[in-house]
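K.L.:
There's a structure below that I have some questions on.
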Amino acid sequence: MKFFIDTANLQHIKTAQDLGILDGVTTNPSLMAKEGITGAAAVKAHYKAICDIVEDKVSAEVLSTTYDEMLAEAKELAALDPKIVVKVPMIADGLKLIKTLTGMGIRTNCTLIFSPGQALLAAKAGATYVSPFLGRLDDICQDGLNLIQEIREIFDNYDFHTEILAASIRSPLHITYCAKIGADVVTSPLDSILRLLKHPLTDNGLAQFIKDSEGLK
Ligand code: G3P
């Protein structure tokens, strides 16, 4: 399973990259705004800064919602760096755009997926990734993990190459459950990645080893 980090915070991206487990980054307009980035030039500079930290796969989201405007934006984003994956919303014009970008050899991430049918359409259009938002479904008392499972089953039935990128992660357990189900990628905030590291028995065991090693030096 690939690990992406879901943030536009450069320090968090560097921390995850330094851990040696990072395969990519996802951002969205909300995450960019959270970092105080405003204006098209600043947004582009920020994407370049992210691309300079990681090896590949930086999802950058289009801001418009009509085919022609999104296509123009997507071309600009893709031209920024070969590491860019264009993130496209799950709307009719978005589907058309995914088809076009796939034909141009530009990788896409279809975002705001909340049903298996939406994932199926995105895969048919040739999306590189689909992003089901499991935490936001859990937030409204629907089973987000079940959505990941349903998409896995559908994609396996037809050997779709589109990867399932589980998004809207709320906890380290979400990550391990996604791994059990067979999500191809999980994108998570740094906090949940770091929590995966922790176990009290590891801490206790290490403290004991350090104590017992004193006479061995
Ligand atoms: O990047 C998309 C997704 O991960 C958003 O997560 O926490 O805003 O539901 P969240």
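Quick note on naming: the chains in the structure tokens go A, B, ... in the order shown, residues restart at 1 in each chain, and ligands are numbered from 1 in order of appearance.
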Report as number ranges by chain all protein, DNA and RNA residues lying within 8 Å of stretch 102-114 of chain A, evaluated on only C-alpha atoms, omitting residues in the same chain fewer than 6 positions from it.
P.N.:
A: 59, 78, 84-90, 94, 122, 126-134, 137, 147
K.L.:
List all protein, DNA and RNA residues that have an atom no more than 12 Å from any atom of ligand 1, counting only C-alpha atoms and all ligand atoms, and report them as number ranges by chain.
P.N.:
A: 4-8, 25-32, 34, 58-61, 87-89, 109-114, 130-140, 144, 165-171, 185-192
K.L.:
Save out the residues we just selected, C-alpha atoms, as a tab-separated table (two decimals), in the first residue's frame.
P.N.:
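New file result_13.tsv:
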```tsv
chain	number	residue	atom	x	y	z
A	4	PHE	CA	0.38	9.78	0.77
A	5	ILE	CA	0.18	12.72	3.13
A	6	ASP	CA	-2.96	14.86	2.98
A	7	THR	CA	-1.70	18.37	3.64
A	8	ALA	CA	-0.23	21.50	2.09
A	25	VAL	CA	1.02	14.21	-1.43
A	26	THR	CA	-2.61	15.21	-1.79
A	27	THR	CA	-3.86	18.76	-1.37
A	28	ASN	CA	-7.18	20.47	-1.87
A	29	PRO	CA	-8.33	24.11	-1.88
A	30	SER	CA	-9.21	23.94	1.84
A	31	LEU	CA	-5.76	22.61	2.77
A	32	MET	CA	-4.05	25.30	0.66
A	34	LYS	CA	-5.31	26.65	5.72
A	58	VAL	CA	1.55	15.58	-5.97
A	59	SER	CA	-2.20	16.03	-6.36
A	60	ALA	CA	-3.12	19.62	-7.29
A	61	GLU	CA	-6.82	20.43	-7.56
A	87	LYS	CA	-7.26	16.50	-9.04
A	88	VAL	CA	-10.70	16.77	-10.63
A	89	PRO	CA	-14.13	16.86	-8.92
A	109	ASN	CA	-7.22	11.99	-9.22
A	110	CYS	CA	-11.03	12.05	-9.17
A	111	THR	CA	-12.02	13.58	-5.86
A	112	LEU	CA	-15.18	13.82	-3.75
A	113	ILE	CA	-16.17	10.19	-4.32
A	114	PHE	CA	-18.99	9.08	-2.02
A	130	VAL	CA	-10.30	7.73	-7.23
A	131	SER	CA	-10.54	9.40	-3.83
A	132	PRO	CA	-13.38	8.04	-1.68
A	133	PHE	CA	-13.79	10.26	1.43
A	134	LEU	CA	-14.34	7.71	4.17
A	135	GLY	CA	-14.14	10.03	7.19
A	136	ARG	CA	-16.80	12.37	5.85
A	137	LEU	CA	-19.14	9.38	5.39
A	138	ASP	CA	-18.41	8.22	8.95
A	139	ASP	CA	-19.17	11.79	10.09
A	140	ILE	CA	-22.75	11.41	8.84
A	144	GLY	CA	-16.89	4.82	4.90
A	165	LEU	CA	-6.87	6.36	-2.87
A	166	ALA	CA	-8.61	6.30	0.51
A	167	ALA	CA	-9.02	9.90	1.71
A	168	SER	CA	-10.55	11.85	4.58
A	169	ILE	CA	-8.69	9.72	7.11
A	170	ARG	CA	-9.51	10.42	10.74
A	171	SER	CA	-7.39	7.92	12.71
A	185	VAL	CA	-3.17	4.23	-1.38
A	186	VAL	CA	-4.10	5.94	1.87
A	187	THR	CA	-3.72	9.69	2.16
A	188	SER	CA	-3.60	10.82	5.75
A	189	PRO	CA	-2.72	13.82	7.90
A	190	LEU	CA	0.73	13.53	9.54
A	191	ASP	CA	-0.84	13.00	12.95
A	192	SER	CA	-2.45	9.66	12.02
```
K.L.:
Could you list, with a cut-off of 7 Å and counting only C-alpha atoms, the residues of stretch 83-139 of chain A near stretch 150-161 of chain A, each shown with its nearest atom pair and the distance in Å rounded to one decimal, rows sorted by chain and ascending number, as JSON lines?
P.N.:
```
{"residue": "A:Pro116", "atom": "CA", "partner": "A:Ile151", "partner_atom": "CA", "distance": 5.4}
{"residue": "A:Ala119", "atom": "CA", "partner": "A:Ile151", "partner_atom": "CA", "distance": 6.7}
{"residue": "A:Ala123", "atom": "CA", "partner": "A:Phe160", "partner_atom": "CA", "distance": 6.7}
```
K.L.:
Distance atom CA of A:Leu194-atom CA of A:Ile175, one decimal place?
P.N.:
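Going from atom CA of A:Leu194 over to atom CA of A:Ile175 covers 11.4 Å.
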K.L.:
Please return, as a PyMOL selection string, all residues of chain A that DSSP assigns to strand (DSSP E or B) on the basis of the backbone.
P.N.:
chain A and resi 2-6+24-26+58-61+84-89+108-113+129-133+163-167+185-188
K.L.:
Taking only C-alpha atoms into account, name the residue in A:Leu196, A:Leu95, A:Ile148, A:Ile13 that is nearest to A:Asp184.
P.N.:
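Using only C-alpha atoms, A:Asp184 sits closest to A:Ile148.
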K.L.:
Could you check which of A:Cys141, A:Val54, A:Ala33, A:Leu101 is closest to A:Lys75, using only C-alpha atoms?
P.N.:
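Distance minimum relative to A:Lys75 lands on A:Leu101.
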K.L.:
Using only C-alpha atoms for the distances, tell me which of A:Tyr67, A:Asp23, A:Gly117, A:Asp81 is nearest to A:Asp93.
P.N.:
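For A:Asp93, the nearest of the given residues is A:Tyr67.
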K.L.:
Can you pull out the residues contacting A:Ala45? Cut-off 10 Å, using only C-alpha atoms, and skip same-chain residues under 6 positions away; I want them as a ChimeraX atom specification.
P.N.:
/A:37,51,80
K.L.:
Save out the residues we just selected, N, CA and C atoms, as a compact mmCIF listing (two decimals), in the first residue's frame.
P.N.:
```txt
# COMPACT_ATOMS: atom_id res chain seq x y z
N ILE A 37 -2.23 30.48 1.85
CA ILE A 37 -1.79 30.75 0.48
C ILE A 37 -2.92 31.43 -0.28
N CYS A 51 6.68 19.84 -4.71
CA CYS A 51 7.33 18.92 -5.68
C CYS A 51 8.83 18.80 -5.40
N LEU A 80 3.55 22.63 -14.54
CA LEU A 80 4.39 23.08 -13.42
C LEU A 80 5.52 22.10 -13.13
```
K.L.:
As a PyMOL selection string, please: every residue in chain A that a backbone DSSP assignment puts in alpha helix (DSSP H).
P.N.:
chain A and resi 10-19+29-34+40-53+67-80+92-103+116-125+134-139+144-158+172-181+190-197+200-212
K.L.:
What does the distance between atom CA of A:Lys2 and atom CA of A:Thr176 come to in Å, to one decimal place?
P.N.:
12.1 Å
